[in-house]
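Participant: Contents of entry11.txt (compact mmCIF, C-alpha atoms) are given next:
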# COMPACT_ATOMS: atom_id res chain seq x y z
CA MET A 1 9.08 7.65 -20.03
CA SER A 2 8.56 9.65 -16.83
CA ALA A 3 9.05 8.22 -13.37
CA THR A 4 5.35 8.76 -12.69
CA HIS A 5 4.37 6.56 -15.62
CA ALA A 6 6.88 3.89 -14.57
CA VAL A 7 5.44 3.81 -11.06
CA ALA A 8 1.89 3.63 -12.43
CA ASP A 9 2.84 0.76 -14.77
CA THR A 10 4.48 -1.09 -11.90
CA ALA A 11 1.37 -0.63 -9.73
CA VAL A 12 -0.87 -2.04 -12.48
CA LEU A 13 1.34 -5.10 -13.04
CA THR A 14 1.71 -5.65 -9.29
CA GLY A 15 -2.08 -5.62 -8.99
CA ARG A 16 -2.26 -8.20 -11.77
CA SER A 17 0.14 -10.53 -9.97
CA LEU A 18 -1.62 -10.06 -6.63
CA ARG A 19 -4.95 -10.98 -8.20
CA HIS A 20 -3.41 -14.24 -9.37
CA ILE A 21 -2.40 -15.01 -5.78
CA LEU A 22 -5.82 -14.10 -4.42
CA ARG A 23 -7.35 -16.54 -6.87
CA SER A 24 -5.11 -19.33 -5.57
CA PRO A 25 -4.35 -18.61 -1.89
CA ASP A 26 -2.97 -22.14 -1.58
CA THR A 27 0.31 -20.60 -2.81
CA ILE A 28 0.77 -18.71 0.46
CA ILE A 29 -0.53 -21.63 2.52
CA THR A 30 1.90 -24.02 0.83
CA THR A 31 4.76 -21.59 1.43
CA ALA A 32 4.02 -21.53 5.16
CA VAL A 33 3.29 -25.26 5.58
CA THR A 34 6.86 -26.57 5.25
CA PRO A 35 8.44 -24.08 7.71
CA ILE A 36 5.62 -24.66 10.20
CA ALA A 37 6.06 -28.43 9.87
CA MET A 38 9.80 -28.02 10.50
CA MET A 39 9.09 -25.84 13.53
CA LEU A 40 6.68 -28.40 14.97
CA LEU A 41 9.16 -31.22 14.35
CA PHE A 42 12.12 -29.49 15.97
CA VAL A 43 10.22 -28.07 18.94
CA TYR A 44 8.09 -31.07 19.90
CA VAL A 45 10.23 -34.00 18.69
CA LEU A 46 13.87 -32.92 18.66
CA GLY A 47 13.90 -29.78 20.79
CA GLY A 48 14.23 -31.60 24.09
CA ALA A 49 17.56 -33.09 23.02
CA ILE A 50 19.08 -29.85 21.73
CA GLU A 51 21.18 -27.65 24.00
CA THR A 52 21.21 -23.98 23.03
CA GLY A 53 22.90 -22.63 26.12
CA SER A 54 19.89 -20.44 26.83
CA ASP A 55 16.93 -20.62 29.20
CA GLU A 56 14.51 -19.36 26.53
CA PRO A 57 12.01 -21.77 24.96
CA TYR A 58 13.48 -23.57 21.98
CA VAL A 59 10.79 -22.13 19.68
CA THR A 60 12.11 -18.66 20.51
CA TYR A 61 15.64 -19.73 19.59
CA LEU A 62 14.43 -21.49 16.44
CA LEU A 63 12.06 -18.90 14.99
CA PRO A 64 14.56 -16.61 13.16
CA GLY A 65 15.87 -19.52 11.10
CA ILE A 66 12.34 -20.70 10.34
CA LEU A 67 11.47 -17.20 9.08
CA LEU A 68 14.40 -17.30 6.65
CA MET A 69 13.28 -20.73 5.43
CA THR A 70 9.80 -19.29 4.87
CA ILE A 71 11.21 -16.55 2.66
CA ALA A 72 13.39 -18.98 0.70
CA SER A 73 10.35 -21.17 0.11
CA GLY A 74 8.16 -18.23 -0.89
CA VAL A 75 10.44 -16.66 -3.49
CA ALA A 76 10.37 -19.89 -5.51
CA TYR A 77 6.84 -18.92 -6.59
CA THR A 78 8.18 -15.64 -7.99
CA SER A 79 10.51 -17.59 -10.24
CA TYR A 80 7.68 -19.94 -11.21
CA ARG A 81 5.21 -17.13 -12.04
CA LEU A 82 7.78 -15.20 -14.07
CA PHE A 83 8.68 -18.35 -16.01
CA LEU A 84 5.01 -18.94 -16.87
CA ASP A 85 4.66 -15.34 -18.06
CA LEU A 86 7.66 -15.76 -20.33
CA GLN A 87 6.45 -19.10 -21.70
CA GLY A 88 2.97 -17.72 -22.28
CA GLY A 89 4.30 -14.78 -24.28
CA ILE A 90 2.73 -12.18 -22.01
CA VAL A 91 6.10 -10.51 -21.30
CA GLU A 92 6.73 -10.00 -25.03
CA ARG A 93 3.24 -8.59 -25.35
CA PHE A 94 3.90 -6.14 -22.54
CA GLN A 95 7.09 -5.04 -24.28
CA SER A 96 5.08 -4.11 -27.37
CA MET A 97 3.05 -1.68 -25.25
CA PRO A 98 4.14 1.80 -24.07
CA ILE A 99 5.01 0.66 -20.55
CA GLY A 100 8.22 0.71 -18.56
CA ARG A 101 10.47 -2.26 -19.32
CA SER A 102 11.34 -2.72 -15.64
CA ALA A 103 7.67 -2.65 -14.55
CA VAL A 104 7.26 -6.33 -15.43
CA LEU A 105 10.02 -7.39 -13.06
CA TRP A 106 9.09 -4.96 -10.30
CA GLY A 107 5.50 -6.20 -10.41
CA HIS A 108 6.71 -9.70 -9.56
CA VAL A 109 9.14 -8.43 -6.92
CA LEU A 110 6.53 -6.36 -5.08
CA THR A 111 4.06 -9.24 -5.25
CA SER A 112 6.70 -11.44 -3.63
CA LEU A 113 7.09 -8.93 -0.79
CA VAL A 114 3.35 -8.94 -0.07
CA ALA A 115 3.00 -12.73 -0.31
CA ASN A 116 6.03 -13.37 1.87
CA ALA A 117 4.86 -10.85 4.47
CA VAL A 118 1.59 -12.77 4.80
CA SER A 119 3.45 -16.09 5.05
CA LEU A 120 5.79 -14.70 7.72
CA ALA A 121 2.81 -13.40 9.71
CA ILE A 122 1.25 -16.88 9.61
CA VAL A 123 4.47 -18.51 10.83
CA VAL A 124 4.91 -15.97 13.66
CA SER A 125 1.28 -16.53 14.71
CA VAL A 126 1.87 -20.28 14.95
CA ALA A 127 5.09 -19.67 16.89
CA LEU A 128 3.19 -17.50 19.37
CA ALA A 129 0.70 -20.32 19.86
CA MET A 130 3.67 -22.66 20.51
CA GLY A 131 5.11 -20.43 23.23
CA PHE A 132 7.27 -17.90 21.42
CA ARG A 133 7.62 -14.69 23.43
CA SER A 134 9.62 -11.57 22.72
CA GLY A 135 10.94 -8.90 25.05
CA ALA A 136 11.69 -6.58 22.13
CA GLY A 137 10.38 -3.06 21.84
CA VAL A 138 8.87 -1.46 18.77
CA LEU A 139 12.22 -0.33 17.35
CA ALA A 140 13.73 -3.79 17.72
CA TRP A 141 10.72 -5.36 15.96
CA LEU A 142 11.07 -2.80 13.18
CA GLY A 143 14.76 -3.64 12.90
CA ALA A 144 14.03 -7.35 12.61
CA ALA A 145 11.31 -6.64 10.05
CA GLY A 146 13.74 -4.47 8.09
CA ILE A 147 16.31 -7.27 7.90
CA LEU A 148 13.62 -9.72 6.77
CA LEU A 149 12.47 -7.21 4.14
CA LEU A 150 15.99 -6.76 2.77
CA PHE A 151 16.53 -10.53 2.73
CA THR A 152 13.23 -11.04 0.90
CA VAL A 153 14.03 -8.43 -1.75
CA ALA A 154 17.51 -9.87 -2.30
CA LEU A 155 16.28 -13.44 -2.67
CA THR A 156 13.39 -12.30 -4.87
CA TRP A 157 15.77 -10.70 -7.37
CA LEU A 158 17.73 -13.95 -7.31
CA ALA A 159 14.46 -15.73 -8.06
CA VAL A 160 13.94 -13.35 -11.01
CA VAL A 161 17.27 -14.53 -12.44
CA ALA A 162 16.15 -18.15 -12.07
CA GLY A 163 12.79 -17.45 -13.70
CA LEU A 164 14.43 -15.68 -16.64
CA SER A 165 17.07 -18.39 -17.12
CA ALA A 166 15.06 -21.59 -16.50
CA LYS A 167 14.24 -23.98 -19.32
CA THR A 168 11.53 -25.90 -17.45
CA VAL A 169 8.95 -25.26 -14.75
CA ASP A 170 10.83 -27.50 -12.32
CA GLY A 171 14.06 -25.67 -13.04
CA ALA A 172 12.41 -22.34 -12.30
CA SER A 173 11.74 -23.23 -8.68
CA ALA A 174 14.54 -25.73 -7.99
CA PHE A 175 17.03 -22.93 -7.29
CA SER A 176 15.37 -22.33 -3.92
CA TYR A 177 16.13 -25.81 -2.54
CA PRO A 178 19.71 -24.99 -1.44
CA LEU A 179 18.44 -21.73 0.09
CA ILE A 180 15.81 -23.60 2.11
CA PHE A 181 18.38 -26.03 3.52
CA LEU A 182 21.20 -23.52 4.10
CA PRO A 183 19.85 -22.66 7.61
CA PHE A 184 20.60 -26.24 8.69
CA ILE A 185 24.33 -25.43 8.44
CA SER A 186 24.09 -22.26 10.51
CA SER A 187 23.19 -21.12 14.00
CA ALA A 188 19.47 -21.42 13.18
CA PHE A 189 18.92 -24.76 14.92
CA VAL A 190 21.95 -25.27 17.18
CA PRO A 191 24.90 -23.12 18.28
CA THR A 192 27.74 -23.34 15.77
CA ASP A 193 30.29 -24.23 18.45
CA SER A 194 28.61 -27.64 18.76
CA MET A 195 29.58 -28.49 15.15
CA PRO A 196 32.79 -30.16 13.91
CA GLY A 197 35.61 -27.77 12.98
CA PRO A 198 35.20 -27.37 9.18
CA VAL A 199 31.40 -27.33 9.42
CA ALA A 200 31.52 -24.79 12.25
CA TRP A 201 33.83 -22.56 10.18
CA PHE A 202 31.43 -22.65 7.22
CA ALA A 203 28.43 -22.04 9.48
CA GLU A 204 30.08 -19.06 11.13
CA ASN A 205 31.04 -17.45 7.83
CA GLN A 206 27.93 -17.91 5.74
CA PRO A 207 25.24 -15.19 5.60
CA VAL A 208 22.40 -17.07 7.30
CA THR A 209 24.22 -17.25 10.65
CA SER A 210 24.78 -13.51 10.98
CA ILE A 211 21.23 -12.76 9.81
CA VAL A 212 19.74 -15.29 12.24
CA ASN A 213 21.90 -14.02 15.10
CA ALA A 214 20.92 -10.40 14.43
CA ILE A 215 17.19 -11.17 14.27
CA ARG A 216 17.40 -13.39 17.35
CA ALA A 217 19.14 -10.67 19.37
CA LEU A 218 16.63 -8.03 18.27
CA LEU A 219 13.62 -10.21 19.12
CA ASP A 220 15.18 -11.05 22.50
CA GLY A 221 15.56 -7.35 23.21
CA HIS A 222 19.37 -7.60 23.33
CA PRO A 223 21.99 -5.56 21.45
CA ALA A 224 22.67 -7.19 18.08
CA GLY A 225 26.27 -5.92 18.02
CA SER A 226 28.43 -6.69 14.99
CA ASP A 227 25.98 -9.35 13.77
CA LEU A 228 23.57 -6.58 12.76
CA TRP A 229 26.12 -4.84 10.53
CA VAL A 230 27.36 -8.10 9.05
CA ALA A 231 23.76 -9.16 8.34
CA LEU A 232 23.00 -5.83 6.66
CA ALA A 233 26.19 -6.09 4.60
CA TRP A 234 25.27 -9.60 3.42
CA CYS A 235 21.71 -8.57 2.54
CA LEU A 236 22.71 -5.39 0.71
CA GLY A 237 25.59 -7.12 -1.10
CA LEU A 238 23.34 -9.95 -2.24
CA LEU A 239 20.66 -7.45 -3.27
CA VAL A 240 23.03 -5.39 -5.44
CA LEU A 241 24.50 -8.51 -7.06
CA ALA A 242 21.12 -10.17 -7.68
CA TYR A 243 19.55 -6.96 -9.06
CA ALA A 244 22.41 -6.33 -11.49
CA TRP A 245 22.35 -9.98 -12.57
CA ALA A 246 18.57 -9.92 -13.07
CA VAL A 247 18.61 -6.71 -15.14
CA ALA A 248 21.43 -8.01 -17.34
CA THR A 249 19.65 -11.34 -17.84
CA TYR A 250 16.36 -9.58 -18.64
CA ARG A 251 18.00 -7.40 -21.29
CA ARG A 252 19.65 -10.40 -22.94
CA ARG A 253 16.42 -12.38 -22.85
CA LEU A 254 14.40 -9.68 -24.64
CA ARG A 255 16.89 -8.77 -27.35
For this file, produce the structure as structure tokens.
Facilitator:
Amino acid sequence: MSATHAVADTAVLTGRSLRHILRSPDTIITTAVTPIAMMLLFVYVLGGAIETGSDEPYVTYLLPGILLMTIASGVAYTSYRLFLDLQGGIVERFQSMPIGRSAVLWGHVLTSLVANAVSLAIVVSVALAMGFRSGAGVLAWLGAAGILLLFTVALTWLAVVAGLSAKTVDGASAFSYPLIFLPFISSAFVPTDSMPGPVAWFAENQPVTSIVNAIRALLDGHPAGSDLWVALAWCLGLLVLAYAWAVATYRRRLR
């Protein structure tokens, strides 16, 4: 099958998935509600007691971590939708048609990118209303958006693995729970040097901290330094691993 046909098949299946979301926009709203609630809680209830060592509003410090939580929450729906397709037999039906085998997965992945982009825009809009301000230029914003895009794609392919492997609907989305709470043990909410030794070591050496630090520096208009390269390495490494795992799982599932 030619690359042109594969792209066309992917576009058709992406359109199908997007139509499902348009028919139930509560999916995107639900994805954004939890991160927004966390942002409101930390800024207006707990923020006054948290020392970040910076003069910037706490919402500005907090936002990068909240954006990662939004993505982790959003990709759970990719796993859920893929699981329903498998249970309903639609994937097997697609495989009996002259379409690209990978188009089914890419349709879900691209839908996840669109849905998460909308959710992230909603969260940023609320943050702006709460006092978030950025001194970043266009290139810095594009850099932050690029990191978020890579992180979304990587987690989405991980969600594909969960959707292909799950035995129940609850199991299909449960994988995202650790991802949602991982920012709590990072620099997303407080500086890591305020944590006890072993916790601080874990926080400093897990991917969320470097990704949060890189996005925070870019949005502040400051040089991201080594955090940018470490964040990119984590995102690309996770993407390669998750993609290979998803493809292998998909092939085993459809044998």
Participant: Point out the residue among A:Thr30, A:Thr209, A:Thr152, A:Ser112 with the least atom-to-atom distance to A:Phe189, counting all atoms listed in the file.
Facilitator: A:Thr209
Participant: From the options A:Ser173, A:Asn213, A:Thr60, A:Thr192, which residue's atoms come nearest to A:Gly131, counting only C-alpha atoms?
Facilitator: A:Thr60
Participant: So which residues touch stretch 64-78 of chain A within 7 Å, counting all atoms listed in the file, skipping near sequence neighbours fewer than 3 positions away, as a list in words?
Facilitator: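 Final neighbour list, sorted by chain and number: Thr31, Ala32, Pro35, Met39, Arg81, Leu82, His108, Ser112, Asn116, Leu120, Thr152, Leu155, Thr156, Ala159, Val160, Ser173, Ser176, Leu179, Ile180, Pro183, Ala188, Val212, Ile215 and Arg216 of chain A.
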Participant: Looking at A:Val153, A:Val59, A:Leu158, A:Met38, which one is nearest to A:Arg133, with distances taken over all atoms listed in the file?
Facilitator: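 Smallest separation from A:Arg133 among the options: A:Val59.
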Participant: With distances taken over all atoms listed in the file, which of A:Ile21, A:Leu164, A:Ala8, A:Leu239 is nearest to A:Leu86?
Facilitator: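 Among the listed residues, A:Leu164 lies closest to A:Leu86.
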Participant: Could you please determine the separation between atom CA of A:Arg16 and atom CA of A:Gly107 in Å, to one decimal place?
Facilitator: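 That distance, rounded to one decimal, is 8.1 Å.
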Participant: Give me, please, the distance in Å between atom CA of A:Leu219 and atom CA of A:Gly137, quoted to one decimal.
Facilitator: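 So the answer is 8.3 Å.
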Participant: Take stretch 186-205 of chain A, bring it up to N, CA and C atoms, and give me the output as a short mmCIF file (atom, residue, chain, number, x, y, z; two decimals), keeping the file's coordinate frame.
Facilitator:
data_model
loop_
_atom_site.label_atom_id
_atom_site.label_comp_id
_atom_site.auth_asym_id
_atom_site.auth_seq_id
_atom_site.Cartn_x
_atom_site.Cartn_y
_atom_site.Cartn_z
N SER A 186 23.96 -23.61 9.96
CA SER A 186 24.09 -22.26 10.51
C SER A 186 23.74 -22.33 11.98
N SER A 187 23.58 -21.17 12.59
CA SER A 187 23.19 -21.12 14.00
C SER A 187 21.68 -21.15 14.18
N ALA A 188 20.94 -21.47 13.11
CA ALA A 188 19.47 -21.42 13.18
C ALA A 188 18.89 -22.47 14.11
N PHE A 189 19.49 -23.67 14.15
CA PHE A 189 18.92 -24.76 14.92
C PHE A 189 19.75 -25.12 16.16
N VAL A 190 21.05 -24.99 16.04
CA VAL A 190 21.95 -25.27 17.18
C VAL A 190 23.09 -24.26 17.15
N PRO A 191 23.73 -24.00 18.29
CA PRO A 191 24.90 -23.12 18.28
C PRO A 191 26.00 -23.70 17.40
N THR A 192 26.71 -22.85 16.70
CA THR A 192 27.74 -23.34 15.77
C THR A 192 28.92 -23.98 16.49
N ASP A 193 29.14 -23.63 17.76
CA ASP A 193 30.29 -24.23 18.45
C ASP A 193 30.08 -25.69 18.80
N SER A 194 28.87 -26.21 18.54
CA SER A 194 28.61 -27.64 18.76
C SER A 194 28.93 -28.46 17.52
N MET A 195 29.33 -27.81 16.43
CA MET A 195 29.58 -28.49 15.15
C MET A 195 31.06 -28.85 15.01
N PRO A 196 31.38 -29.85 14.18
CA PRO A 196 32.79 -30.16 13.91
C PRO A 196 33.50 -28.97 13.27
N GLY A 197 34.82 -28.91 13.40
CA GLY A 197 35.61 -27.77 12.98
C GLY A 197 35.29 -27.18 11.62
N PRO A 198 35.45 -27.94 10.51
CA PRO A 198 35.20 -27.37 9.18
C PRO A 198 33.75 -26.92 8.98
N VAL A 199 32.82 -27.69 9.54
CA VAL A 199 31.40 -27.33 9.42
C VAL A 199 31.12 -26.07 10.22
N ALA A 200 31.70 -25.98 11.42
CA ALA A 200 31.52 -24.79 12.25
C ALA A 200 32.07 -23.55 11.56
N TRP A 201 33.24 -23.70 10.88
CA TRP A 201 33.83 -22.56 10.18
C TRP A 201 32.90 -22.08 9.07
N PHE A 202 32.36 -23.03 8.30
CA PHE A 202 31.43 -22.65 7.22
C PHE A 202 30.19 -22.00 7.80
N ALA A 203 29.65 -22.58 8.86
CA ALA A 203 28.43 -22.04 9.48
C ALA A 203 28.65 -20.63 9.99
N GLU A 204 29.80 -20.38 10.57
CA GLU A 204 30.08 -19.06 11.13
C GLU A 204 30.26 -18.00 10.05
N ASN A 205 30.68 -18.42 8.86
CA ASN A 205 31.04 -17.45 7.83
C ASN A 205 30.08 -17.41 6.66
#
